[in-house]
Amino acid sequence: MKLEGKVALVTGSSQGIGQAIAIRLDQEGASVVINYRSHPEGAEETLSKVRAAGGLCHMVDGFTVQADTGMVTDVQRMIADSITHFGKLDILVNNAGIEKNADFWDVTEADYDAVMDVNLKGVFFATQALVKHLLKAKQPGKVINISSVHEELPFPHFAAYCASKGGLKMLTRNLSVELAPFGITINNVAPGAIETPINTKLLNDPEKLGALLQNIPLGRLGKPRDVASIVAFLASAESDYVTGTTFFVDGGLLWNYQEQ
């Protein structure tokens, strides 16, 4: 197992992509911290699936922690609680994210702040808290951000979301240079259209789904496990010479997309 003896925190892991990542990292041998904001039942479901996937040897290798990743005090506590529980933290997967759909001229300050706080500010300060721990412990570490194809691809009516992901791309590039001397790598995984609960409405609309699939050369939506697989690689020693890079998991969508 590639991650035996490692501790990984996955934010927003009570469902969807985050849940799949938590399960996969556990399967690779890591002890996993499962973060949720407002759905403890989802976190408990992830914990049950983690334990089932990991087998009897991993019955105690999971931990849930509540935190609103849009609040700096919460993310700092989340990192501290994870370290207290397991004694260390090696891997941070910044998966939690939100989006708000509105015409640009109708976007409110509250909605803008909500998107930026979770998608960018929370990532910034969660990563900072992990880095402080790693520097104090004099150990290397891994940061994996779940970005989006929209760090590159315009997405009309989601201006704040695109801005947050564009900012995340540059933050990752900047930190890759600043943190490399300490053996800390940081990379982005940028999913395209993934089959998750957030896309339930799309999945039930054959016309819109069909139009989207025409833009995806591989002809299907991605699965959460497709994202989890690349995260597992980036969390492992196999990616030790990889940093500051975005990996697109989109079935070819980015280079083939056309607005309908």
# chains A, B, ... in the order shown; residues from 1 in each chain; ligands from 1
call {"tool": "residues_around", "arguments": {"residues": "Leu179 (chain A)", "least_positions_apart": "2", "cutoff": "10 Å", "atoms": "only C-alpha atoms", "output": "PyMOL selection string"}}
result
chain A and resi 131+135+140-141+174-177+181-186+243
call {"tool": "write_last_selection", "arguments": {"atoms": "N, CA and C atoms", "output": "compact mmCIF listing (two decimals), in the first residue's frame"}}
result
# COMPACT_ATOMS: atom_id res chain seq x y z
N VAL A 131 1.42 23.54 6.61
CA VAL A 131 2.83 23.84 6.38
C VAL A 131 3.53 24.19 7.69
N LEU A 135 6.78 22.13 8.90
CA LEU A 135 8.05 22.80 9.16
C LEU A 135 8.52 22.55 10.59
N PRO A 140 8.48 16.21 5.23
CA PRO A 140 7.87 16.59 3.95
C PRO A 140 6.37 16.39 4.00
N GLY A 141 5.68 16.84 2.96
CA GLY A 141 4.24 16.66 2.92
C GLY A 141 3.69 16.88 1.53
N ASN A 174 2.69 29.34 -7.15
CA ASN A 174 3.55 30.13 -6.28
C ASN A 174 4.08 29.29 -5.12
N LEU A 175 3.19 28.55 -4.48
CA LEU A 175 3.60 27.75 -3.33
C LEU A 175 4.51 26.60 -3.73
N SER A 176 4.37 26.12 -4.97
CA SER A 176 5.24 25.02 -5.40
C SER A 176 6.71 25.46 -5.35
N VAL A 177 6.96 26.72 -5.66
CA VAL A 177 8.32 27.25 -5.62
C VAL A 177 8.75 27.52 -4.18
N PRO A 181 11.80 23.73 -1.27
CA PRO A 181 13.01 23.48 -0.48
C PRO A 181 12.77 22.67 0.79
N PHE A 182 11.52 22.59 1.21
CA PHE A 182 11.18 21.85 2.44
C PHE A 182 10.60 20.47 2.14
N GLY A 183 10.61 20.08 0.87
CA GLY A 183 10.08 18.76 0.51
C GLY A 183 8.57 18.70 0.51
N ILE A 184 7.93 19.85 0.40
CA ILE A 184 6.46 19.91 0.38
C ILE A 184 6.02 20.18 -1.06
N THR A 185 5.24 19.28 -1.62
CA THR A 185 4.74 19.48 -2.98
C THR A 185 3.27 19.89 -2.94
N ILE A 186 2.85 20.59 -3.98
CA ILE A 186 1.46 21.04 -4.08
C ILE A 186 1.03 20.99 -5.54
N THR A 243 5.34 18.93 -8.88
CA THR A 243 4.79 20.02 -8.07
C THR A 243 4.46 21.22 -8.95
call {"tool": "residues_around", "arguments": {"residues": "region 33-46 of chain A", "least_positions_apart": "2", "cutoff": "8 Å", "atoms": "only C-alpha atoms", "output": "PyMOL selection string"}}
result
chain A and resi 7-15+19+22-23+31+48-50+62-69+82
call {"tool": "closest_residue", "arguments": {"among": "A:Gly192, A:Gly122, A:Gly210, A:Gly70", "to": "Asn256 (chain A)", "atoms": "only C-alpha atoms"}}
result
A:Gly192
call {"tool": "atom_distance", "arguments": {"atom1": "CA of Ala114 (chain A)", "atom2": "CA of Gly167 (chain A)"}}
result
14.9 Å
call {"tool": "atom_distance", "arguments": {"atom1": "CA of Thr245 (chain A)", "atom2": "CA of Arg173 (chain A)"}}
result
7.1 Å
call {"tool": "residues_around", "arguments": {"residues": "Ala235 (chain A)", "least_positions_apart": "3", "cutoff": "7 Å", "atoms": "only C-alpha atoms", "output": "PyMOL selection string"}}
result
chain A and resi 91+142+231-232
call {"tool": "write_last_selection", "arguments": {"atoms": "N, CA and C atoms", "output": "CSV table (one decimal), in the first residue's frame"}}
result
chain,number,residue,atom,x,y,z
A,91,ILE,N,-0.7,14.7,4.6
A,91,ILE,CA,-1.4,15.0,3.3
A,91,ILE,C,-2.6,15.8,3.5
A,142,LYS,N,2.4,16.6,1.4
A,142,LYS,CA,1.7,16.7,0.1
A,142,LYS,C,0.4,17.5,0.3
A,231,VAL,N,-5.6,11.6,-7.4
A,231,VAL,CA,-5.2,12.1,-6.0
A,231,VAL,C,-4.3,11.1,-5.3
A,232,ALA,N,-4.7,9.8,-5.4
A,232,ALA,CA,-3.9,8.8,-4.8
A,232,ALA,C,-2.4,8.8,-5.3
call {"tool": "atom_distance", "arguments": {"atom1": "CA of Cys162 (chain A)", "atom2": "CA of Lys223 (chain A)"}}
result
21.9 Å
call {"tool": "closest_residue", "arguments": {"among": "A:Ile144, A:Leu213, A:Val107, A:Leu221", "to": "Gly18 (chain A)", "atoms": "only C-alpha atoms"}}
result
A:Ile144
